[in-house]
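The file query-v7.cif contains mmCIF, N, CA and C atoms and all ligand atoms:
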```
data_structure
#
loop_
_atom_site.group_PDB
_atom_site.id
_atom_site.type_symbol
_atom_site.label_atom_id
_atom_site.label_comp_id
_atom_site.auth_asym_id
_atom_site.auth_seq_id
_atom_site.Cartn_x
_atom_site.Cartn_y
_atom_site.Cartn_z
ATOM 1 N N MET H 1 109.483 89.230 90.322
ATOM 2 C CA MET H 1 108.886 88.230 91.211
ATOM 3 C C MET H 1 107.461 88.655 91.563
ATOM 4 N N ASP H 2 106.551 87.677 91.581
ATOM 5 C CA ASP H 2 105.162 87.966 91.957
ATOM 6 C C ASP H 2 104.783 87.149 93.172
ATOM 7 N N ILE H 3 103.975 87.774 94.047
ATOM 8 C CA ILE H 3 103.475 87.031 95.204
ATOM 9 C C ILE H 3 102.049 87.494 95.471
ATOM 10 N N THR H 4 101.246 86.591 96.017
ATOM 11 C CA THR H 4 99.908 86.967 96.468
ATOM 12 C C THR H 4 99.862 86.775 97.977
ATOM 13 N N LEU H 5 99.568 87.875 98.679
ATOM 14 C CA LEU H 5 99.473 87.831 100.140
ATOM 15 C C LEU H 5 98.008 87.780 100.543
ATOM 16 N N ASN H 6 97.705 86.998 101.570
ATOM 17 C CA ASN H 6 96.344 86.978 102.113
ATOM 18 C C ASN H 6 96.297 87.954 103.272
ATOM 19 N N VAL H 7 95.478 88.993 103.118
ATOM 20 C CA VAL H 7 95.420 90.055 104.122
ATOM 21 C C VAL H 7 94.017 90.144 104.702
ATOM 22 N N GLU H 8 93.928 90.060 106.031
ATOM 23 C CA GLU H 8 92.632 90.119 106.699
ATOM 24 C C GLU H 8 92.325 91.516 107.194
ATOM 25 N N GLY H 9 91.070 91.922 107.081
ATOM 26 C CA GLY H 9 90.614 93.178 107.674
ATOM 27 C C GLY H 9 90.423 94.312 106.693
ATOM 28 N N MET H 10 90.696 94.085 105.410
ATOM 29 C CA MET H 10 90.483 95.152 104.427
ATOM 30 C C MET H 10 89.011 95.152 104.009
ATOM 31 N N THR H 11 88.372 96.305 104.179
ATOM 32 C CA THR H 11 86.930 96.342 103.904
ATOM 33 C C THR H 11 86.494 97.390 102.886
ATOM 34 N N CYS H 12 87.301 98.402 102.668
ATOM 35 C CA CYS H 12 86.832 99.483 101.800
ATOM 36 C C CYS H 12 87.975 100.122 101.024
ATOM 37 N N GLY H 13 87.639 101.129 100.267
ATOM 38 C CA GLY H 13 88.633 101.807 99.449
ATOM 39 C C GLY H 13 89.751 102.423 100.269
ATOM 40 N N HIS H 14 89.410 102.834 101.482
ATOM 41 C CA HIS H 14 90.435 103.417 102.344
ATOM 42 C C HIS H 14 91.481 102.371 102.724
ATOM 43 N N CYS H 15 91.009 101.181 103.061
ATOM 44 C CA CYS H 15 91.921 100.086 103.406
ATOM 45 C C CYS H 15 92.810 99.767 102.207
ATOM 46 N N LYS H 16 92.183 99.754 101.060
ATOM 47 C CA LYS H 16 92.898 99.449 99.822
ATOM 48 C C LYS H 16 94.040 100.443 99.607
ATOM 49 N N MET H 17 93.740 101.728 99.805
ATOM 50 C CA MET H 17 94.750 102.768 99.638
ATOM 51 C C MET H 17 95.852 102.649 100.685
ATOM 52 N N ALA H 18 95.451 102.361 101.934
ATOM 53 C CA ALA H 18 96.430 102.280 103.024
ATOM 54 C C ALA H 18 97.436 101.167 102.754
ATOM 55 N N VAL H 19 96.935 100.012 102.334
ATOM 56 C CA VAL H 19 97.816 98.867 102.061
ATOM 57 C C VAL H 19 98.670 99.133 100.827
ATOM 58 N N THR H 20 98.039 99.673 99.799
ATOM 59 C CA THR H 20 98.766 99.962 98.562
ATOM 60 C C THR H 20 99.902 100.945 98.817
ATOM 61 N N ASN H 21 99.598 102.041 99.512
ATOM 62 C CA ASN H 21 100.621 103.056 99.765
ATOM 63 C C ASN H 21 101.743 102.544 100.659
ATOM 64 N N ALA H 22 101.381 101.754 101.668
ATOM 65 C CA ALA H 22 102.405 101.222 102.575
ATOM 66 C C ALA H 22 103.389 100.341 101.801
ATOM 67 N N LEU H 23 102.868 99.552 100.887
ATOM 68 C CA LEU H 23 103.748 98.664 100.109
ATOM 69 C C LEU H 23 104.570 99.445 99.095
ATOM 70 N N LYS H 24 103.940 100.412 98.453
ATOM 71 C CA LYS H 24 104.652 101.161 97.420
ATOM 72 C C LYS H 24 105.762 102.037 97.990
ATOM 73 N N GLU H 25 105.677 102.334 99.283
ATOM 74 C CA GLU H 25 106.748 103.103 99.921
ATOM 75 C C GLU H 25 108.029 102.288 100.061
ATOM 76 N N LEU H 26 107.904 100.981 99.995
ATOM 77 C CA LEU H 26 109.084 100.124 100.135
ATOM 78 C C LEU H 26 109.872 100.107 98.835
ATOM 79 N N GLU H 27 111.171 100.288 98.962
ATOM 80 C CA GLU H 27 112.009 100.226 97.773
ATOM 81 C C GLU H 27 112.011 98.795 97.238
ATOM 82 N N GLY H 28 111.787 98.652 95.948
ATOM 83 C CA GLY H 28 111.789 97.326 95.352
ATOM 84 C C GLY H 28 110.402 96.818 95.021
ATOM 85 N N VAL H 29 109.368 97.472 95.582
ATOM 86 C CA VAL H 29 107.989 97.096 95.247
ATOM 87 C C VAL H 29 107.589 97.851 93.983
ATOM 88 N N LYS H 30 107.247 97.096 92.945
ATOM 89 C CA LYS H 30 106.962 97.726 91.656
ATOM 90 C C LYS H 30 105.476 97.924 91.409
ATOM 91 N N ASN H 31 104.685 96.903 91.767
ATOM 92 C CA ASN H 31 103.258 97.027 91.508
ATOM 93 C C ASN H 31 102.446 96.347 92.606
ATOM 94 N N VAL H 32 101.306 96.953 92.955
ATOM 95 C CA VAL H 32 100.446 96.418 94.007
ATOM 96 C C VAL H 32 99.015 96.410 93.485
ATOM 97 N N ASP H 33 98.336 95.279 93.669
ATOM 98 C CA ASP H 33 96.953 95.161 93.228
ATOM 99 C C ASP H 33 96.134 94.518 94.350
ATOM 100 N N VAL H 34 95.283 95.322 94.991
ATOM 101 C CA VAL H 34 94.486 94.833 96.115
ATOM 102 C C VAL H 34 93.124 94.339 95.619
ATOM 103 N N HIS H 35 92.751 93.128 96.050
ATOM 104 C CA HIS H 35 91.433 92.577 95.732
ATOM 105 C C HIS H 35 90.651 92.492 97.036
ATOM 106 N N LEU H 36 89.779 93.453 97.250
ATOM 107 C CA LEU H 36 89.039 93.527 98.513
ATOM 108 C C LEU H 36 88.166 92.307 98.771
ATOM 109 N N GLU H 37 87.418 91.876 97.763
ATOM 110 C CA GLU H 37 86.477 90.764 97.944
ATOM 111 C C GLU H 37 87.210 89.484 98.326
ATOM 112 N N GLU H 38 88.329 89.248 97.698
ATOM 113 C CA GLU H 38 89.087 88.027 97.970
ATOM 114 C C GLU H 38 89.973 88.163 99.202
ATOM 115 N N GLY H 39 90.250 89.391 99.631
ATOM 116 C CA GLY H 39 91.160 89.591 100.750
ATOM 117 C C GLY H 39 92.591 89.252 100.368
ATOM 118 N N THR H 40 92.936 89.551 99.118
ATOM 119 C CA THR H 40 94.295 89.256 98.665
ATOM 120 C C THR H 40 94.969 90.501 98.096
ATOM 121 N N VAL H 41 96.290 90.447 98.107
ATOM 122 C CA VAL H 41 97.086 91.540 97.550
ATOM 123 C C VAL H 41 98.164 90.931 96.658
ATOM 124 N N ASP H 42 98.105 91.266 95.385
ATOM 125 C CA ASP H 42 99.137 90.816 94.458
ATOM 126 C C ASP H 42 100.253 91.845 94.445
ATOM 127 N N VAL H 43 101.484 91.383 94.595
ATOM 128 C CA VAL H 43 102.624 92.304 94.597
ATOM 129 C C VAL H 43 103.663 91.837 93.584
ATOM 130 N N ASN H 44 104.130 92.776 92.798
ATOM 131 C CA ASN H 44 105.250 92.508 91.904
ATOM 132 C C ASN H 44 106.428 93.258 92.488
ATOM 133 N N TYR H 45 107.524 92.541 92.734
ATOM 134 C CA TYR H 45 108.645 93.162 93.440
ATOM 135 C C TYR H 45 109.992 92.636 92.974
ATOM 136 N N ASP H 46 111.012 93.384 93.335
ATOM 137 C CA ASP H 46 112.393 92.998 93.044
ATOM 138 C C ASP H 46 112.933 92.308 94.289
ATOM 139 N N GLU H 47 113.124 91.002 94.197
ATOM 140 C CA GLU H 47 113.506 90.226 95.389
ATOM 141 C C GLU H 47 114.913 90.534 95.882
ATOM 142 N N THR H 48 115.700 91.277 95.085
ATOM 143 C CA THR H 48 117.031 91.660 95.561
ATOM 144 C C THR H 48 116.955 92.916 96.436
ATOM 145 N N LYS H 49 115.804 93.595 96.416
ATOM 146 C CA LYS H 49 115.683 94.850 97.166
ATOM 147 C C LYS H 49 114.726 94.792 98.349
ATOM 148 N N VAL H 50 113.764 93.885 98.285
ATOM 149 C CA VAL H 50 112.772 93.858 99.359
ATOM 150 C C VAL H 50 112.361 92.415 99.641
ATOM 151 N N SER H 51 112.127 92.122 100.929
ATOM 152 C CA SER H 51 111.733 90.770 101.321
ATOM 153 C C SER H 51 110.236 90.716 101.592
ATOM 154 N N VAL H 52 109.691 89.516 101.525
ATOM 155 C CA VAL H 52 108.272 89.326 101.830
ATOM 156 C C VAL H 52 108.009 89.718 103.284
ATOM 157 N N GLU H 53 108.985 89.425 104.133
ATOM 158 C CA GLU H 53 108.859 89.775 105.550
ATOM 159 C C GLU H 53 108.653 91.286 105.730
ATOM 160 N N LYS H 54 109.396 92.073 104.960
ATOM 161 C CA LYS H 54 109.253 93.534 105.049
ATOM 162 C C LYS H 54 107.883 93.986 104.591
ATOM 163 N N MET H 55 107.364 93.338 103.567
ATOM 164 C CA MET H 55 106.030 93.688 103.074
ATOM 165 C C MET H 55 104.984 93.376 104.126
ATOM 166 N N LYS H 56 105.136 92.213 104.763
ATOM 167 C CA LYS H 56 104.187 91.826 105.814
ATOM 168 C C LYS H 56 104.199 92.841 106.945
ATOM 169 N N GLU H 57 105.403 93.258 107.340
ATOM 170 C CA GLU H 57 105.520 94.245 108.416
ATOM 171 C C GLU H 57 104.830 95.545 108.035
ATOM 172 N N ALA H 58 105.027 95.992 106.797
ATOM 173 C CA ALA H 58 104.430 97.252 106.342
ATOM 174 C C ALA H 58 102.911 97.176 106.389
ATOM 175 N N ILE H 59 102.357 96.024 106.028
ATOM 176 C CA ILE H 59 100.894 95.857 106.043
ATOM 177 C C ILE H 59 100.392 95.803 107.482
ATOM 178 N N GLU H 60 101.107 95.072 108.311
ATOM 179 C CA GLU H 60 100.690 94.935 109.714
ATOM 180 C C GLU H 60 100.749 96.277 110.440
ATOM 181 N N GLU H 61 101.714 97.122 110.057
ATOM 182 C CA GLU H 61 101.802 98.460 110.659
ATOM 183 C C GLU H 61 100.550 99.278 110.377
ATOM 184 N N GLN H 62 99.873 98.960 109.286
ATOM 185 C CA GLN H 62 98.642 99.677 108.953
ATOM 186 C C GLN H 62 97.431 99.096 109.682
ATOM 187 N N GLY H 63 97.640 98.015 110.409
ATOM 188 C CA GLY H 63 96.552 97.454 111.200
ATOM 189 C C GLY H 63 95.851 96.248 110.607
ATOM 190 N N TYR H 64 96.452 95.628 109.603
ATOM 191 C CA TYR H 64 95.845 94.450 108.978
ATOM 192 C C TYR H 64 96.687 93.217 109.252
ATOM 193 N N ASP H 65 96.034 92.065 109.239
ATOM 194 C CA ASP H 65 96.755 90.823 109.494
ATOM 195 C C ASP H 65 97.097 90.118 108.196
ATOM 196 N N VAL H 66 98.336 89.683 108.092
ATOM 197 C CA VAL H 66 98.772 88.929 106.918
ATOM 198 C C VAL H 66 98.846 87.461 107.310
ATOM 199 N N LYS H 67 98.174 86.619 106.540
ATOM 200 C CA LYS H 67 98.152 85.183 106.846
ATOM 201 C C LYS H 67 99.229 84.459 106.074
HETATM 202 CU CU CU C 101 88.516 100.437 105.055
#
```
Is it possible to give me this structure as structure tokens?
Amino acid sequence: MDITLNVEGMTCGHCKMAVTNALKELEGVKNVDVHLEEGTVDVNYDETKVSVEKMKEAIEEQGYDVK
């Protein structure tokens, strides 16, 4: 399953790493691709193991807003 999340507040490589690592820590998240300029995050995941809600929470815990 693929999803694109709109994430506000990512500005630099550090933000990119923080969001990427937070998502990859979740079981079921296979691939994460952050696009800083667009403010989007592409995620490839196993929908039987992880929910979009959990991904949003993980990103928000890092201090970014998911739209
Ligand atoms: Cu940053």
Site check for ligand CU 101 (chain C): residues at most 6.5 Å away, all atoms listed in the file, as a ChimeraX atom specification
/H:10-16
Could you save the residues just selected, with N, CA and C atoms, as a PDB file, in the coordinates of the input?
```pdb
ATOM      1  N   MET H  10      90.696  94.085 105.410  1.00  0.00           N
ATOM      2  CA  MET H  10      90.483  95.152 104.427  1.00  0.00           C
ATOM      3  C   MET H  10      89.011  95.152 104.009  1.00  0.00           C
ATOM      4  N   THR H  11      88.372  96.305 104.179  1.00  0.00           N
ATOM      5  CA  THR H  11      86.930  96.342 103.904  1.00  0.00           C
ATOM      6  C   THR H  11      86.494  97.390 102.886  1.00  0.00           C
ATOM      7  N   CYS H  12      87.301  98.402 102.668  1.00  0.00           N
ATOM      8  CA  CYS H  12      86.832  99.483 101.800  1.00  0.00           C
ATOM      9  C   CYS H  12      87.975 100.122 101.024  1.00  0.00           C
ATOM     10  N   GLY H  13      87.639 101.129 100.267  1.00  0.00           N
ATOM     11  CA  GLY H  13      88.633 101.807  99.449  1.00  0.00           C
ATOM     12  C   GLY H  13      89.751 102.423 100.269  1.00  0.00           C
ATOM     13  N   HIS H  14      89.410 102.834 101.482  1.00  0.00           N
ATOM     14  CA  HIS H  14      90.435 103.417 102.344  1.00  0.00           C
ATOM     15  C   HIS H  14      91.481 102.371 102.724  1.00  0.00           C
ATOM     16  N   CYS H  15      91.009 101.181 103.061  1.00  0.00           N
ATOM     17  CA  CYS H  15      91.921 100.086 103.406  1.00  0.00           C
ATOM     18  C   CYS H  15      92.810  99.767 102.207  1.00  0.00           C
ATOM     19  N   LYS H  16      92.183  99.754 101.060  1.00  0.00           N
ATOM     20  CA  LYS H  16      92.898  99.449  99.822  1.00  0.00           C
ATOM     21  C   LYS H  16      94.040 100.443  99.607  1.00  0.00           C
TER      22      LYS H  16
END
```
Looking at H:Lys54, H:Val43, H:Glu27, H:Glu8, which one is nearest to H:Val66, with distances taken over all atoms listed in the file?
H:Glu8
Figure out the distance between atom CA of H:Lys49 and atom CA of H:Gly9, please, to one decimal in Å.
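Answer for the atom CA of H:Gly9 to atom CA of H:Lys49 separation: 27.2 Å.
Selection check: the PyMOL selection byres (((chain H and resi 29 and name CA) around 10) and not hetatm and name CA) on the shown file gives H:Met1, H:Leu23, H:Lys24, H:Glu25, H:Leu26, H:Glu27, H:Gly28, H:Lys30, H:Asn31, H:Val32, H:Val43, H:Asn44, H:Tyr45, H:Asp46, H:Glu47, H:Lys49, H:Val50, H:Ser51, H:Met55.
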Using only C-alpha atoms, can you tell me which of H:Met17, H:Ala22, H:Ala58, H:Ile3 comes closest to H:Val34?
H:Met17
Hey, what comes out of the PyMOL selection byres (((chain H and resi 6 and name CA) around 6) and not hetatm and name CA) on this file? Could you write it as a list in words?
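Applying the expression gives Leu5, Val7, Gly39, Thr40, Val66 and Lys67 of chain H.
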From chain H, collect each residue whose DSSP state is alpha helix (DSSP H) and return the set as a ChimeraX atom specification.
/H:13-24,52-61
